[in-house]
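**Student:** Structure incoming, see below.
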Amino acid sequence: MSNNFTSHFSADDAALLLIDFQPQMFMGVESHDRNAIKNKPSDHRQEAAKLFNVPTVLSTVPAETFAGPFVPEVTEGVFPGHEVVDRTSINAWLTLNFVKAVEATGRKRLVIAGLWTAPVPR
């Protein structure tokens with residue numbers, strides 16, 4: 001019996017959210033090698049998401065005044081010209097433009113990758 005927890009994701013029902021892969025956000029990471037993490041968002045999963053037209057939301061927390069731009073390995077290497085949603089809150093779900101960007105994907109299944117993430121509100 002298939003349900004939301006055991007059924008497979010597909011390019012037709014999921015969206016990819018990449019959150020806060022920015023220079024200053026790496027500073028608080030001590031559990032893993034920072035360079036390995038920096039290179040992770042630009043691996044083949046993101047390229048597959050682009051190839052299969054999986055809606056993708058890129059988001060930063062104040063890029064201009066606080067944390068710097070989204071890593072160019074993703075914005076230039078995988079998603080050139082893709083909009084980056086800049087937020088005013090560290091919690092992405094508290095920022096209306098981020099929530100609207102996620103809702104605009106029309107997808108209910110979310111694959112979330114970020115240095116600092118919070119649970120999706122129900």
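By convention here, the chains of the structure tokens are called A, B, ... in the order presented, each chain's residues are numbered starting at 1, and ligands are numbered starting at 1 in the order presented.
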May I have the residues within 7 Å of region 102-116 of chain A as a list in words, using only C-alpha atoms and disregarding those fewer than 4 positions away in the same chain?

**Tutor:**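 Everything that qualifies: Asp13, Ala14, Ala15, Leu16, Leu17, Leu18, Ile19, Asp20, Phe21, Pro55, Val57 and Phe98 of chain A.
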
**Student:** Got time to write the residues from that selection, N, CA and C atoms, as a JSON list (two decimals), in the first residue's frame?

**Tutor:**
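Output (part.json):
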[["chain", "number", "residue", "atom", "x", "y", "z"],
["A", 13, "ASP", "N", 6.03, 15.37, -9.36],
["A", 13, "ASP", "CA", 5.33, 15.71, -8.13],
["A", 13, "ASP", "C", 6.20, 16.35, -7.04],
["A", 14, "ALA", "N", 7.45, 16.66, -7.35],
["A", 14, "ALA", "CA", 8.34, 17.21, -6.33],
["A", 14, "ALA", "C", 8.98, 18.52, -6.78],
["A", 15, "ALA", "N", 9.41, 19.29, -5.80],
["A", 15, "ALA", "CA", 10.18, 20.50, -6.06],
["A", 15, "ALA", "C", 11.45, 20.44, -5.22],
["A", 16, "LEU", "N", 12.49, 21.09, -5.68],
["A", 16, "LEU", "CA", 13.77, 21.14, -4.99],
["A", 16, "LEU", "C", 13.95, 22.53, -4.40],
["A", 17, "LEU", "N", 14.26, 22.61, -3.10],
["A", 17, "LEU", "CA", 14.52, 23.88, -2.43],
["A", 17, "LEU", "C", 15.96, 23.87, -1.94],
["A", 18, "LEU", "N", 16.76, 24.82, -2.40],
["A", 18, "LEU", "CA", 18.15, 24.96, -1.95],
["A", 18, "LEU", "C", 18.24, 26.26, -1.17],
["A", 19, "ILE", "N", 18.60, 26.14, 0.12],
["A", 19, "ILE", "CA", 18.49, 27.26, 1.05],
["A", 19, "ILE", "C", 19.84, 27.62, 1.66],
["A", 20, "ASP", "N", 20.21, 28.89, 1.54],
["A", 20, "ASP", "CA", 21.32, 29.50, 2.26],
["A", 20, "ASP", "C", 22.71, 28.92, 2.01],
["A", 21, "PHE", "N", 22.98, 28.46, 0.80],
["A", 21, "PHE", "CA", 24.34, 28.05, 0.48],
["A", 21, "PHE", "C", 25.12, 29.32, 0.14],
["A", 55, "PRO", "N", 10.83, 21.81, -10.60],
["A", 55, "PRO", "CA", 10.85, 23.20, -10.14],
["A", 55, "PRO", "C", 11.84, 23.36, -8.98],
["A", 57, "VAL", "N", 13.68, 26.13, -6.20],
["A", 57, "VAL", "CA", 13.70, 27.44, -5.54],
["A", 57, "VAL", "C", 15.06, 27.60, -4.88],
["A", 98, "PHE", "N", 9.40, 33.78, -0.13],
["A", 98, "PHE", "CA", 9.87, 32.40, -0.23],
["A", 98, "PHE", "C", 8.68, 31.43, -0.28]]

**Student:** Using only C-alpha atoms for the distances, tell me which of A:Val61, A:Ala48, A:Val78, A:Val54 is nearest to Leu94 (chain A).

**Tutor:**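 Selected residue with least distance to Leu94 (chain A): A:Val61.
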
**Student:** Between A:Val29, A:Val85, A:Leu58, A:Ile90, which has the minimum distance to Pro72 (chain A) (counting only C-alpha atoms)?

**Tutor:**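 Of all the options, A:Leu58 lies closest to Pro72 (chain A).
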
**Student:** How many Å separate CA of Thr56 (chain A) from CA of Pro23 (chain A)?

**Tutor:**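 Between these atoms lies a distance of 20.5 Å.
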
**Student:** Might you pull out every residue within 7 Å of Gly68 (chain A), with only C-alpha atoms counted and same-chain residues fewer than 5 positions away left off, and present them as a JSON list (two decimals) with all heavy atoms, in the first residue's frame?

**Tutor:**
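Just written: selection-v9.json:
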[["chain", "number", "residue", "atom", "x", "y", "z"],
["A", 22, "GLN", "N", 25.56, 30.01, 1.19],
["A", 22, "GLN", "CA", 26.21, 31.32, 1.09],
["A", 22, "GLN", "C", 27.49, 31.32, 1.93],
["A", 22, "GLN", "O", 27.57, 30.61, 2.94],
["A", 22, "GLN", "CB", 25.28, 32.41, 1.62],
["A", 22, "GLN", "CG", 23.96, 32.51, 0.89],
["A", 22, "GLN", "CD", 22.98, 33.36, 1.66],
["A", 22, "GLN", "OE1", 22.15, 32.83, 2.38],
["A", 22, "GLN", "NE2", 23.08, 34.68, 1.51],
["A", 23, "PRO", "N", 28.48, 32.13, 1.53],
["A", 23, "PRO", "CA", 29.77, 32.12, 2.22],
["A", 23, "PRO", "C", 29.69, 32.27, 3.74],
["A", 23, "PRO", "O", 30.29, 31.48, 4.48],
["A", 23, "PRO", "CB", 30.51, 33.30, 1.59],
["A", 23, "PRO", "CG", 29.91, 33.45, 0.25],
["A", 23, "PRO", "CD", 28.46, 33.07, 0.41],
["A", 24, "GLN", "N", 28.96, 33.25, 4.24],
["A", 24, "GLN", "CA", 28.91, 33.46, 5.69],
["A", 24, "GLN", "C", 28.16, 32.37, 6.43],
["A", 24, "GLN", "O", 28.40, 32.14, 7.61],
["A", 24, "GLN", "CB", 28.31, 34.83, 6.01],
["A", 24, "GLN", "CG", 29.18, 35.99, 5.63],
["A", 24, "GLN", "CD", 30.54, 35.92, 6.30],
["A", 24, "GLN", "OE1", 30.67, 35.65, 7.49],
["A", 24, "GLN", "NE2", 31.59, 36.15, 5.52],
["A", 63, "ALA", "N", 21.59, 38.59, 1.28],
["A", 63, "ALA", "CA", 22.82, 38.41, 0.52],
["A", 63, "ALA", "C", 23.68, 39.67, 0.46],
["A", 63, "ALA", "O", 24.90, 39.60, 0.56],
["A", 63, "ALA", "CB", 22.48, 37.95, -0.90]]

**Student:** How would you write, as a list in words, the set of residues in region 51-103 of chain A that DSSP gives as strand (DSSP E or B)?

**Tutor:**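 These are the residues in question: Thr56, Val57, Leu58, Ser59, Thr60, Val84, Val85 and Asp86 of chain A.
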
**Student:** Create the file for the chosen residues now, containing N, CA and C atoms and written as a short mmCIF file (atom, residue, chain, number, x, y, z; two decimals), in the first residue's frame.

**Tutor:**
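Result saved to out_21.cif:
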data_model
loop_
_atom_site.label_atom_id
_atom_site.label_comp_id
_atom_site.auth_asym_id
_atom_site.auth_seq_id
_atom_site.Cartn_x
_atom_site.Cartn_y
_atom_site.Cartn_z
N THR A 56 12.65 24.39 -9.06
CA THR A 56 13.69 24.60 -8.06
C THR A 56 13.60 26.02 -7.53
N VAL A 57 13.68 26.13 -6.20
CA VAL A 57 13.70 27.44 -5.54
C VAL A 57 15.06 27.60 -4.88
N LEU A 58 15.77 28.65 -5.25
CA LEU A 58 17.04 29.01 -4.61
C LEU A 58 16.76 30.18 -3.68
N SER A 59 17.29 30.12 -2.46
CA SER A 59 16.98 31.18 -1.51
C SER A 59 18.19 31.55 -0.67
N THR A 60 18.29 32.85 -0.38
CA THR A 60 19.36 33.37 0.47
C THR A 60 18.76 34.19 1.61
N VAL A 84 16.97 34.07 -7.52
CA VAL A 84 17.30 33.69 -6.15
C VAL A 84 16.41 34.53 -5.24
N VAL A 85 15.62 33.87 -4.42
CA VAL A 85 14.71 34.56 -3.50
C VAL A 85 15.51 34.98 -2.27
N ASP A 86 15.66 36.29 -2.09
CA ASP A 86 16.38 36.81 -0.92
C ASP A 86 15.35 37.08 0.17
#
